[in-house]
>>> print(open('coords01.pdb').read())   # PDB, C-alpha atoms, pLDDT in the B column
ATOM      1  CA  MET A 724     -21.465 -74.488  50.165  1.00 90.00           C
ATOM      2  CA  GLN A 725     -20.321 -72.276  53.037  1.00 96.00           C
ATOM      3  CA  LEU A 726     -20.946 -68.560  53.475  1.00 98.00           C
ATOM      4  CA  ALA A 727     -18.303 -66.120  54.658  1.00 98.00           C
ATOM      5  CA  VAL A 728     -17.925 -62.369  55.193  1.00 98.00           C
ATOM      6  CA  GLN A 729     -15.227 -60.148  53.681  1.00 98.00           C
ATOM      7  CA  LEU A 730     -14.054 -58.015  56.592  1.00 98.00           C
ATOM      8  CA  TYR A 731     -13.349 -55.063  54.289  1.00 98.00           C
ATOM      9  CA  THR A 732     -17.066 -54.354  54.722  1.00 97.00           C
ATOM     10  CA  LEU A 733     -16.429 -53.657  58.413  1.00 98.00           C
ATOM     11  CA  ARG A 734     -13.130 -51.807  58.018  1.00 97.00           C
ATOM     12  CA  HIS A 735     -14.204 -48.579  59.711  1.00 96.00           C
ATOM     13  CA  ARG A 736     -15.787 -50.396  62.653  1.00 97.00           C
ATOM     14  CA  LEU A 737     -12.750 -52.658  62.979  1.00 97.00           C
ATOM     15  CA  GLU A 738     -10.443 -49.657  63.128  1.00 96.00           C
ATOM     16  CA  GLU A 739     -12.450 -48.325  66.077  1.00 96.00           C
ATOM     17  CA  ASP A 740     -13.204 -51.534  67.976  1.00 97.00           C
ATOM     18  CA  LEU A 741     -11.849 -54.715  66.460  1.00 97.00           C
ATOM     19  CA  GLU A 742     -12.831 -57.185  69.164  1.00 97.00           C
ATOM     20  CA  GLY A 743     -16.283 -55.693  69.676  1.00 97.00           C
ATOM     21  CA  THR A 744     -16.973 -55.661  65.945  1.00 98.00           C
ATOM     22  CA  LEU A 745     -15.895 -59.280  65.516  1.00 98.00           C
ATOM     23  CA  ALA A 746     -18.145 -60.257  68.422  1.00 98.00           C
ATOM     24  CA  ALA A 747     -21.075 -58.360  66.880  1.00 97.00           C
ATOM     25  CA  LEU A 748     -20.517 -60.129  63.575  1.00 97.00           C
ATOM     26  CA  ALA A 749     -20.534 -63.506  65.283  1.00 97.00           C
ATOM     27  CA  ASP A 750     -23.691 -62.595  67.209  1.00 96.00           C
ATOM     28  CA  SER A 751     -25.392 -61.668  63.932  1.00 93.00           C
ATOM     29  CA  GLY A 752     -24.760 -65.107  62.461  1.00 92.00           C
ATOM     30  CA  GLY A 753     -21.341 -64.766  60.873  1.00 94.00           C
ATOM     31  CA  LYS A 754     -19.114 -67.835  61.151  1.00 96.00           C
ATOM     32  CA  GLU A 755     -16.339 -67.520  58.602  1.00 98.00           C
ATOM     33  CA  VAL A 756     -14.476 -64.445  57.417  1.00 98.00           C
ATOM     34  CA  GLU A 757     -12.106 -63.408  54.669  1.00 98.00           C
ATOM     35  CA  LEU A 758      -9.432 -61.088  55.981  1.00 98.00           C
ATOM     36  CA  ALA A 759      -8.457 -57.774  54.407  1.00 97.00           C
ATOM     37  CA  GLY A 760      -5.563 -56.590  56.554  1.00 95.00           C
ATOM     38  CA  LEU A 761      -4.701 -57.071  60.210  1.00 97.00           C
ATOM     39  CA  TYR A 762      -5.341 -53.550  61.562  1.00 96.00           C
ATOM     40  CA  GLY A 763      -1.929 -53.217  63.123  1.00 95.00           C
ATOM     41  CA  LEU A 764      -2.057 -56.604  64.831  1.00 97.00           C
ATOM     42  CA  SER A 765       0.376 -59.453  64.406  1.00 98.00           C
ATOM     43  CA  PRO A 766      -0.959 -62.629  62.829  1.00 98.00           C
ATOM     44  CA  GLU A 767      -0.921 -64.217  66.283  1.00 98.00           C
ATOM     45  CA  GLU A 768      -2.926 -61.361  67.782  1.00 98.00           C
ATOM     46  CA  MET A 769      -5.474 -61.398  64.962  1.00 98.00           C
ATOM     47  CA  ARG A 770      -5.866 -65.160  65.280  1.00 98.00           C
ATOM     48  CA  ALA A 771      -6.486 -64.745  69.014  1.00 98.00           C
ATOM     49  CA  ALA A 772      -9.130 -62.081  68.330  1.00 98.00           C
ATOM     50  CA  LEU A 773     -10.874 -64.304  65.789  1.00 98.00           C
ATOM     51  CA  ASP A 774     -10.750 -67.293  68.127  1.00 98.00           C
ATOM     52  CA  GLY A 775     -12.170 -65.153  70.912  1.00 97.00           C
ATOM     53  CA  ALA A 776     -15.154 -64.237  68.752  1.00 98.00           C
ATOM     54  CA  GLY A 777     -15.633 -67.787  67.539  1.00 97.00           C
ATOM     55  CA  LEU A 778     -14.822 -66.858  63.944  1.00 98.00           C
ATOM     56  CA  VAL A 779     -12.696 -68.734  61.414  1.00 98.00           C
ATOM     57  CA  ALA A 780     -10.629 -67.028  58.720  1.00 98.00           C
ATOM     58  CA  CYS A 781     -11.129 -69.192  55.639  1.00 97.00           C
ATOM     59  CA  ALA A 782      -9.164 -66.879  53.335  1.00 98.00           C
ATOM     60  CA  GLY A 783      -7.272 -63.618  53.268  1.00 98.00           C
ATOM     61  CA  HIS A 784      -6.651 -60.828  50.792  1.00 98.00           C
ATOM     62  CA  VAL A 785      -2.915 -60.164  50.536  1.00 98.00           C
ATOM     63  CA  PRO A 786      -1.436 -57.297  48.465  1.00 98.00           C
ATOM     64  CA  ILE A 787       0.614 -58.534  45.556  1.00 98.00           C
ATOM     65  CA  GLU A 788       3.527 -56.432  46.801  1.00 98.00           C
ATOM     66  CA  ALA A 789       3.693 -58.647  49.901  1.00 98.00           C
ATOM     67  CA  PHE A 790       4.058 -61.762  47.759  1.00 98.00           C
ATOM     68  CA  GLU A 791       6.930 -60.071  45.947  1.00 98.00           C
ATOM     69  CA  ALA A 792       8.745 -58.459  48.876  1.00 97.00           C
ATOM     70  CA  GLU A 793       8.158 -60.940  51.716  1.00 96.00           C
ATOM     71  CA  PRO A 794       6.831 -64.255  50.401  1.00 98.00           C
ATOM     72  CA  GLU A 795       7.995 -66.125  53.493  1.00 97.00           C
ATOM     73  CA  ARG A 796       5.985 -63.813  55.738  1.00 97.00           C
ATOM     74  CA  VAL A 797       2.887 -64.277  53.591  1.00 98.00           C
ATOM     75  CA  VAL A 798       3.147 -68.035  53.995  1.00 98.00           C
ATOM     76  CA  GLU A 799       3.916 -67.839  57.716  1.00 98.00           C
ATOM     77  CA  ALA A 800       1.003 -65.474  58.376  1.00 98.00           C
ATOM     78  CA  ALA A 801      -1.385 -67.746  56.498  1.00 98.00           C
ATOM     79  CA  SER A 802      -0.249 -70.666  58.625  1.00 98.00           C
ATOM     80  CA  VAL A 803      -0.827 -68.765  61.863  1.00 98.00           C
ATOM     81  CA  LEU A 804      -4.176 -67.332  60.776  1.00 98.00           C
ATOM     82  CA  GLY A 805      -5.424 -70.580  59.295  1.00 97.00           C
ATOM     83  CA  THR A 806      -6.232 -68.968  55.955  1.00 97.00           C
ATOM     84  CA  GLY A 807      -6.085 -71.914  53.586  1.00 96.00           C
ATOM     85  CA  THR A 808      -6.536 -69.643  50.567  1.00 98.00           C
ATOM     86  CA  VAL A 809      -4.690 -66.405  49.857  1.00 98.00           C
ATOM     87  CA  VAL A 810      -6.136 -63.928  47.384  1.00 98.00           C
ATOM     88  CA  VAL A 811      -4.537 -61.092  45.437  1.00 98.00           C
ATOM     89  CA  PRO A 812      -7.230 -58.414  45.736  1.00 98.00           C
ATOM     90  CA  THR A 813      -6.170 -56.227  42.797  1.00 98.00           C
ATOM     91  CA  VAL A 814      -3.304 -54.919  40.691  1.00 98.00           C
ATOM     92  CA  PRO A 815      -2.836 -51.528  39.029  1.00 97.00           C
ATOM     93  CA  ALA A 816      -5.290 -51.345  36.138  1.00 97.00           C
ATOM     94  CA  PRO A 817      -3.402 -51.786  32.858  1.00 97.00           C
ATOM     95  CA  GLU A 818      -4.128 -49.643  29.828  1.00 95.00           C
ATOM     96  CA  THR A 819      -2.064 -51.575  27.290  1.00 97.00           C
ATOM     97  CA  GLY A 820      -1.666 -55.197  26.327  1.00 97.00           C
ATOM     98  CA  ALA A 821       1.956 -55.089  27.453  1.00 97.00           C
ATOM     99  CA  ALA A 822       0.974 -53.780  30.876  1.00 98.00           C
ATOM    100  CA  ALA A 823      -1.676 -56.504  31.154  1.00 98.00           C
ATOM    101  CA  ASP A 824       0.938 -59.147  30.302  1.00 98.00           C
ATOM    102  CA  GLU A 825       3.133 -57.784  33.087  1.00 98.00           C
ATOM    103  CA  ALA A 826       0.245 -57.726  35.571  1.00 98.00           C
ATOM    104  CA  VAL A 827      -0.708 -61.324  34.831  1.00 98.00           C
ATOM    105  CA  ALA A 828       2.935 -62.412  35.149  1.00 98.00           C
ATOM    106  CA  ARG A 829       3.012 -60.865  38.626  1.00 98.00           C
ATOM    107  CA  ILE A 830      -0.183 -62.673  39.580  1.00 98.00           C
ATOM    108  CA  VAL A 831       1.159 -65.989  38.288  1.00 98.00           C
ATOM    109  CA  ALA A 832       4.335 -65.472  40.352  1.00 98.00           C
ATOM    110  CA  ALA A 833       2.196 -64.919  43.471  1.00 98.00           C
ATOM    111  CA  TRP A 834       0.235 -68.060  42.622  1.00 98.00           C
ATOM    112  CA  GLU A 835       3.516 -69.984  42.513  1.00 98.00           C
ATOM    113  CA  VAL A 836       4.407 -68.742  46.005  1.00 98.00           C
ATOM    114  CA  ALA A 837       1.092 -70.019  47.319  1.00 98.00           C
ATOM    115  CA  SER A 838       1.282 -73.323  45.463  1.00 98.00           C
ATOM    116  CA  GLU A 839       4.765 -74.075  46.758  1.00 98.00           C
ATOM    117  CA  ALA A 840       3.399 -73.638  50.294  1.00 98.00           C
ATOM    118  CA  ASP A 841       0.327 -75.832  49.579  1.00 97.00           C
ATOM    119  CA  LEU A 842      -1.959 -72.834  49.927  1.00 98.00           C
ATOM    120  CA  GLY A 843      -5.013 -72.217  47.795  1.00 98.00           C
ATOM    121  CA  PHE A 844      -4.823 -69.121  45.611  1.00 98.00           C
ATOM    122  CA  ALA A 845      -7.144 -66.801  43.709  1.00 98.00           C
ATOM    123  CA  TYR A 846      -7.212 -63.410  42.032  1.00 98.00           C
ATOM    124  CA  HIS A 847     -10.117 -61.057  42.796  1.00 98.00           C
ATOM    125  CA  ASN A 848     -11.389 -58.993  39.884  1.00 98.00           C
ATOM    126  CA  HIS A 849     -12.869 -55.539  39.569  1.00 97.00           C
ATOM    127  CA  ASP A 850     -14.298 -54.262  36.289  1.00 97.00           C
ATOM    128  CA  PHE A 851     -11.073 -53.055  34.683  1.00 97.00           C
ATOM    129  CA  GLU A 852      -9.940 -56.584  33.845  1.00 98.00           C
ATOM    130  CA  LEU A 853     -12.781 -56.709  31.305  1.00 97.00           C
ATOM    131  CA  ARG A 854     -12.115 -53.361  29.632  1.00 96.00           C
ATOM    132  CA  ALA A 855     -10.672 -53.282  26.129  1.00 96.00           C
ATOM    133  CA  LEU A 856      -6.954 -52.500  25.994  1.00 97.00           C
ATOM    134  CA  ASP A 857      -5.023 -50.713  23.268  1.00 95.00           C
ATOM    135  CA  ASP A 858      -4.788 -53.910  21.221  1.00 93.00           C
ATOM    136  CA  GLY A 859      -8.481 -54.762  21.548  1.00 94.00           C
ATOM    137  CA  SER A 860      -7.883 -57.570  24.033  1.00 96.00           C
ATOM    138  CA  ASP A 861      -8.453 -57.506  27.789  1.00 97.00           C
ATOM    139  CA  MET A 862      -6.793 -58.674  30.976  1.00 98.00           C
ATOM    140  CA  TRP A 863      -9.541 -61.197  31.799  1.00 98.00           C
ATOM    141  CA  SER A 864      -8.712 -63.267  28.712  1.00 97.00           C
ATOM    142  CA  ARG A 865      -5.054 -63.299  29.761  1.00 98.00           C
ATOM    143  CA  LEU A 866      -5.927 -64.557  33.238  1.00 98.00           C
ATOM    144  CA  ASP A 867      -8.054 -67.223  31.604  1.00 97.00           C
ATOM    145  CA  ALA A 868      -5.282 -68.292  29.234  1.00 97.00           C
ATOM    146  CA  ALA A 869      -2.855 -68.556  32.156  1.00 98.00           C
ATOM    147  CA  GLY A 870      -5.311 -70.736  34.078  1.00 98.00           C
ATOM    148  CA  VAL A 871      -5.197 -68.462  37.119  1.00 98.00           C
ATOM    149  CA  PRO A 872      -7.678 -69.451  39.868  1.00 98.00           C
ATOM    150  CA  GLN A 873     -10.111 -66.620  40.462  1.00 98.00           C
ATOM    151  CA  GLU A 874     -12.429 -65.209  43.076  1.00 98.00           C
ATOM    152  CA  PRO A 875     -15.003 -63.697  40.714  1.00 98.00           C
ATOM    153  CA  ASP A 876     -16.755 -60.638  42.103  1.00 98.00           C
ATOM    154  CA  VAL A 877     -20.392 -60.877  41.050  1.00 97.00           C
ATOM    155  CA  GLY A 878     -21.095 -57.165  41.340  1.00 97.00           C
ATOM    156  CA  TRP A 879     -18.068 -56.053  39.354  1.00 98.00           C
ATOM    157  CA  LEU A 880     -18.853 -58.588  36.629  1.00 98.00           C
ATOM    158  CA  LEU A 881     -22.349 -57.139  36.304  1.00 97.00           C
ATOM    159  CA  VAL A 882     -20.987 -53.592  36.218  1.00 97.00           C
ATOM    160  CA  ALA A 883     -18.606 -54.680  33.442  1.00 96.00           C
ATOM    161  CA  GLY A 884     -21.545 -55.925  31.399  1.00 95.00           C
ATOM    162  CA  ARG A 885     -20.981 -59.645  31.890  1.00 96.00           C
ATOM    163  CA  ASP A 886     -23.423 -62.331  32.957  1.00 97.00           C
ATOM    164  CA  PRO A 887     -21.980 -63.226  36.375  1.00 98.00           C
ATOM    165  CA  ALA A 888     -23.425 -66.735  36.485  1.00 98.00           C
ATOM    166  CA  ALA A 889     -22.037 -67.553  33.042  1.00 98.00           C
ATOM    167  CA  ALA A 890     -18.624 -66.130  33.969  1.00 97.00           C
ATOM    168  CA  ILE A 891     -18.530 -68.255  37.114  1.00 98.00           C
ATOM    169  CA  ARG A 892     -19.474 -71.402  35.207  1.00 98.00           C
ATOM    170  CA  ASP A 893     -16.637 -70.701  32.768  1.00 97.00           C
ATOM    171  CA  LEU A 894     -14.232 -70.814  35.735  1.00 98.00           C
ATOM    172  CA  ALA A 895     -15.116 -74.412  36.632  1.00 97.00           C
ATOM    173  CA  GLY A 896     -12.235 -76.075  38.427  1.00 96.00           C
ATOM    174  CA  ARG A 897     -10.447 -72.831  39.263  1.00 97.00           C
ATOM    175  CA  CYS A 898     -13.011 -70.903  41.268  1.00 98.00           C
ATOM    176  CA  PRO A 899     -12.469 -71.652  44.969  1.00 98.00           C
ATOM    177  CA  LEU A 900     -14.347 -68.574  46.198  1.00 98.00           C
ATOM    178  CA  VAL A 901     -17.033 -66.236  44.860  1.00 98.00           C
ATOM    179  CA  HIS A 902     -17.577 -62.658  46.034  1.00 98.00           C
ATOM    180  CA  ALA A 903     -21.262 -61.968  46.652  1.00 97.00           C
ATOM    181  CA  LYS A 904     -21.630 -58.272  45.975  1.00 96.00           C
ATOM    182  CA  ASP A 905     -25.031 -57.024  44.858  1.00 97.00           C
ATOM    183  CA  VAL A 906     -25.300 -53.874  42.761  1.00 97.00           C
ATOM    184  CA  ARG A 907     -28.043 -51.598  41.477  1.00 97.00           C
ATOM    185  CA  ARG A 908     -27.990 -49.086  38.643  1.00 96.00           C
ATOM    186  CA  ARG A 909     -28.762 -45.495  39.616  1.00 96.00           C
ATOM    187  CA  ALA A 910     -30.936 -43.193  37.526  1.00 96.00           C
ATOM    188  CA  ASP A 911     -27.802 -41.535  36.091  1.00 96.00           C
ATOM    189  CA  GLY A 912     -26.470 -44.870  34.846  1.00 93.00           C
ATOM    190  CA  THR A 913     -23.796 -45.323  37.502  1.00 95.00           C
ATOM    191  CA  TRP A 914     -23.825 -48.257  39.880  1.00 96.00           C
ATOM    192  CA  GLU A 915     -24.010 -48.618  43.640  1.00 96.00           C
ATOM    193  CA  ASP A 916     -23.410 -51.700  45.752  1.00 95.00           C
ATOM    194  CA  VAL A 917     -26.289 -52.685  48.023  1.00 97.00           C
ATOM    195  CA  ILE A 918     -27.375 -55.349  50.486  1.00 97.00           C
ATOM    196  CA  ALA A 919     -27.665 -58.714  48.757  1.00 97.00           C
ATOM    197  CA  GLY A 920     -31.229 -59.029  47.558  1.00 96.00           C
ATOM    198  CA  ASP A 921     -31.725 -55.282  47.042  1.00 97.00           C
ATOM    199  CA  GLY A 922     -29.921 -55.179  43.709  1.00 97.00           C
ATOM    200  CA  GLU A 923     -30.010 -56.783  40.281  1.00 96.00           C
ATOM    201  CA  VAL A 924     -28.122 -60.018  40.960  1.00 97.00           C
ATOM    202  CA  ASP A 925     -29.985 -63.326  40.559  1.00 97.00           C
ATOM    203  CA  TRP A 926     -28.694 -65.072  43.670  1.00 97.00           C
ATOM    204  CA  PRO A 927     -30.166 -68.547  43.075  1.00 97.00           C
ATOM    205  CA  ALA A 928     -28.435 -68.514  39.674  1.00 97.00           C
ATOM    206  CA  ILE A 929     -25.169 -67.404  41.289  1.00 98.00           C
ATOM    207  CA  VAL A 930     -25.355 -70.139  43.912  1.00 97.00           C
ATOM    208  CA  ALA A 931     -26.046 -72.776  41.268  1.00 97.00           C
ATOM    209  CA  ALA A 932     -23.169 -71.547  39.090  1.00 98.00           C
ATOM    210  CA  SER A 933     -20.808 -71.406  42.078  1.00 98.00           C
ATOM    211  CA  GLU A 934     -21.588 -74.990  42.997  1.00 97.00           C
ATOM    212  CA  ALA A 935     -21.149 -76.101  39.393  1.00 97.00           C
ATOM    213  CA  ALA A 936     -17.771 -74.335  39.254  1.00 98.00           C
ATOM    214  CA  GLY A 937     -16.573 -76.105  42.400  1.00 97.00           C
ATOM    215  CA  ALA A 938     -16.496 -73.084  44.711  1.00 98.00           C
ATOM    216  CA  THR A 939     -16.435 -73.969  48.395  1.00 97.00           C
ATOM    217  CA  ARG A 940     -17.527 -70.578  49.710  1.00 97.00           C
ATOM    218  CA  ILE A 941     -19.538 -67.544  48.752  1.00 98.00           C
ATOM    219  CA  VAL A 942     -18.106 -64.445  50.439  1.00 98.00           C
ATOM    220  CA  VAL A 943     -20.431 -61.512  51.148  1.00 98.00           C
ATOM    221  CA  GLU A 944     -19.020 -58.022  50.669  1.00 97.00           C
ATOM    222  CA  LEU A 945     -20.233 -54.439  50.570  1.00 96.00           C
ATOM    223  CA  ASP A 946     -17.699 -51.820  49.519  1.00 95.00           C
ATOM    224  CA  ASN A 947     -19.920 -49.013  50.777  1.00 95.00           C
ATOM    225  CA  PRO A 948     -22.122 -50.272  53.600  1.00 96.00           C
ATOM    226  CA  SER A 949     -24.575 -48.173  55.590  1.00 96.00           C
ATOM    227  CA  GLU A 950     -23.934 -46.792  59.058  1.00 95.00           C
ATOM    228  CA  HIS A 951     -24.929 -50.240  60.314  1.00 96.00           C
ATOM    229  CA  PRO A 952     -22.585 -52.560  58.404  1.00 97.00           C
ATOM    230  CA  VAL A 953     -23.099 -55.572  60.670  1.00 97.00           C
ATOM    231  CA  ASP A 954     -26.831 -55.389  60.009  1.00 97.00           C
ATOM    232  CA  ASP A 955     -26.132 -55.053  56.273  1.00 97.00           C
ATOM    233  CA  LEU A 956     -24.088 -58.230  56.393  1.00 97.00           C
ATOM    234  CA  ALA A 957     -26.711 -60.094  58.403  1.00 97.00           C
ATOM    235  CA  LEU A 958     -29.354 -59.234  55.810  1.00 97.00           C
ATOM    236  CA  SER A 959     -27.036 -60.208  52.970  1.00 97.00           C
ATOM    237  CA  LEU A 960     -26.220 -63.531  54.602  1.00 97.00           C
ATOM    238  CA  ALA A 961     -29.941 -64.212  55.032  1.00 96.00           C
ATOM    239  CA  THR A 962     -30.468 -63.633  51.293  1.00 96.00           C
ATOM    240  CA  LEU A 963     -27.677 -66.047  50.432  1.00 97.00           C
ATOM    241  CA  ARG A 964     -28.905 -68.681  52.878  1.00 96.00           C
ATOM    242  CA  ALA A 965     -32.335 -68.511  51.260  1.00 96.00           C
ATOM    243  CA  ALA A 966     -30.708 -69.101  47.860  1.00 96.00           C
ATOM    244  CA  LEU A 967     -28.822 -72.196  48.991  1.00 95.00           C
ATOM    245  CA  PRO A 968     -30.422 -75.507  47.967  1.00 87.00           C
TER
END
>>> encode(input="coords01.pdb", output="structure tokens")
Amino acid sequence: MQLAVQLYTLRHRLEEDLEGTLAALADSGGKEVELAGLYGLSPEEMRAALDGAGLVACAGHVPIEAFEAEPERVVEAASVLGTGTVVVPTVPAPETGAAADEAVARIVAAWEVASEADLGFAYHNHDFELRALDDGSDMWSRLDAAGVPQEPDVGWLLVAGRDPAAAIRDLAGRCPLVHAKDVRRRADGTWEDVIAGDGEVDWPAIVAASEAAGATRIVVELDNPSEHPVDDLALSLATLRAALP
């Protein structure tokens, strides 16, 4: 099991100093990353920046609109960047069963683009996929019925009221990546994402479930890091390393 970092965590730092931030991440112990945009760079320029920092992009989040409008560019960029797995990070949250059917059809079409190019594929969830729709069903069950590979987000699963480890085990054979986001409930009942180990997630259970499901990587992410996001990631990676067998 390998550990990686979702670069969305560092988005503000990357906007200010991409090369310096990548170097700081590598110095803190990061080795693999999951991309979330190229910050105005070409795929070739981003690959050069990653190579310069000694980092490898194992996967990349790609908006579903890119799969639909420019599938050839998605495939070409993945080849240049070395991202063996492309991930649809989200879709507009549906409110009806019909809208959920349409959303899943779009995701399946993106999956077909990736498969035809021999790229791995996954869909990354939030909590809305598990909300009840107008017909009493949900989008998660539709993704499951379609057999879509997923990148389950541990924190969002917990927020949605699911047992993350059980959900990951249910994805056996179609769970290439797992998002390691820890969360903690505030006094008012809302949730906040925190450094892995500071929240309510049972990380040894998540690691065991991820291995059982066939995931190759656990990807650390904080949506709302502190003013020291590299340090947040270093602490989170340390928690995950301690949970590895």
>>> resolve_selection(input="coords01.pdb", expression="the PyMOL selection byres ((chain A and resi 813-829) around 6)", output="number ranges by chain")
A: 811-812, 830-832, 856-857, 862
>>> closest_atom_pairs(input="coords01.pdb", of="region 807-866 of chain A", to="region 939-958 of chain A", cutoff="12 Å", atoms="all atoms listed in the file", output="tab-separated table")
residue	atom	partner	partner_atom	distance
A:Gly807	CA	A:Thr939	CA	11.8
A:Thr808	CA	A:Thr939	CA	11.0
A:Gly843	CA	A:Thr939	CA	11.6
A:His847	CA	A:Val942	CA	11.6
A:His849	CA	A:Asp946	CA	11.7
>>> write_last_selection(input="coords01.pdb", atoms="C-alpha atoms", output="PDB file, keeping the file's coordinate frame")
ATOM      1  CA  GLY A 807      -6.085 -71.914  53.586  1.00 96.00           C
ATOM      2  CA  THR A 808      -6.536 -69.643  50.567  1.00 98.00           C
ATOM      3  CA  GLY A 843      -5.013 -72.217  47.795  1.00 98.00           C
ATOM      4  CA  HIS A 847     -10.117 -61.057  42.796  1.00 98.00           C
ATOM      5  CA  HIS A 849     -12.869 -55.539  39.569  1.00 97.00           C
TER       6      HIS A 849
END
>>> atom_distance(input="coords01.pdb", atom1="CA of Arg909 (chain A)", atom2="CA of Ile929 (chain A)")
22.3 Å
>>> resolve_selection(input="coords01.pdb", expression="the PyMOL selection byres ((chain A and resi 803) around 10)", output="ChimeraX atom specification")
/A:765-771,798-802,804-806
>>> resolve_selection(input="coords01.pdb", expression="the PyMOL selection byres ((chain A and resi 886-903) around 7)", output="PyMOL selection string")
chain A and resi 872-877+880-881+884-885+904-905+928-929+932-933+935-944
>>> atom_distance(input="coords01.pdb", atom1="CA of Val924 (chain A)", atom2="CA of Val779 (chain A)")
27.1 Å
>>> closest_residue(input="coords01.pdb", among="A:Ala845, A:Ala792, A:Met724, A:Leu761", to="Leu737 (chain A)", atoms="all atoms listed in the file")
A:Leu761
>>> atom_distance(input="coords01.pdb", atom1="CA of Ala869 (chain A)", atom2="CA of Trp834 (chain A)")
10.9 Å
>>> closest_residue(input="coords01.pdb", among="A:Glu757, A:Asp841, A:Glu739, A:Glu923", to="Gly783 (chain A)", atoms="all atoms listed in the file")
A:Glu757
>>> closest_residue(input="coords01.pdb", among="A:Ala931, A:Val836, A:Ala747, A:Leu726", to="Ile787 (chain A)", atoms="all atoms listed in the file")
A:Val836
>>> closest_residue(input="coords01.pdb", among="A:Trp926, A:Glu738, A:Asp861, A:Val882", to="Val906 (chain A)", atoms="only C-alpha atoms")
A:Val882
>>> closest_residue(input="coords01.pdb", among="A:Asp740, A:Tyr731, A:Ala966, A:Gln725", to="Gly920 (chain A)", atoms="all atoms listed in the file")
A:Ala966
>>> closest_residue(input="coords01.pdb", among="A:Asp916, A:Ala868, A:Gly753, A:Leu748", to="Arg964 (chain A)", atoms="all atoms listed in the file")
A:Gly753
>>> decode(input="coords01.pdb", residues="region 751-780 of chain A", atoms="C-alpha atoms", output="mmCIF file, in the first residue's frame")
data_model
loop_
_atom_site.group_PDB
_atom_site.id
_atom_site.type_symbol
_atom_site.label_atom_id
_atom_site.label_comp_id
_atom_site.auth_asym_id
_atom_site.auth_seq_id
_atom_site.Cartn_x
_atom_site.Cartn_y
_atom_site.Cartn_z
ATOM 1 C CA SER A 751 8.412 16.721 4.356
ATOM 2 C CA GLY A 752 8.237 13.120 3.177
ATOM 3 C CA GLY A 753 5.777 13.256 0.304
ATOM 4 C CA LYS A 754 6.580 10.969 -2.625
ATOM 5 C CA GLU A 755 3.452 10.577 -4.714
ATOM 6 C CA VAL A 756 0.737 13.094 -5.505
ATOM 7 C CA GLU A 757 -2.729 13.201 -6.994
ATOM 8 C CA LEU A 758 -3.168 16.229 -9.206
ATOM 9 C CA ALA A 759 -6.077 18.661 -9.022
ATOM 10 C CA GLY A 760 -5.407 21.064 -11.879
ATOM 11 C CA LEU A 761 -2.221 22.321 -13.495
ATOM 12 C CA TYR A 762 -2.181 25.943 -12.266
ATOM 13 C CA GLY A 763 -1.848 27.415 -15.717
ATOM 14 C CA LEU A 764 0.979 25.101 -16.750
ATOM 15 C CA SER A 765 1.020 22.741 -19.690
ATOM 16 C CA PRO A 766 1.185 19.036 -18.914
ATOM 17 C CA GLU A 767 4.832 19.097 -19.982
ATOM 18 C CA GLU A 768 5.623 21.985 -17.647
ATOM 19 C CA MET A 769 3.830 20.370 -14.710
ATOM 20 C CA ARG A 770 5.639 17.090 -15.327
ATOM 21 C CA ALA A 771 8.956 18.960 -15.327
ATOM 22 C CA ALA A 772 8.060 20.651 -12.026
ATOM 23 C CA LEU A 773 7.121 17.324 -10.447
ATOM 24 C CA ASP A 774 10.287 15.672 -11.737
ATOM 25 C CA GLY A 775 12.330 18.557 -10.373
ATOM 26 C CA ALA A 776 10.879 18.009 -6.909
ATOM 27 C CA GLY A 777 11.275 14.253 -7.107
ATOM 28 C CA LEU A 778 7.521 13.670 -6.982
ATOM 29 C CA VAL A 779 5.415 11.235 -8.999
ATOM 30 C CA ALA A 780 1.825 11.918 -10.044
#
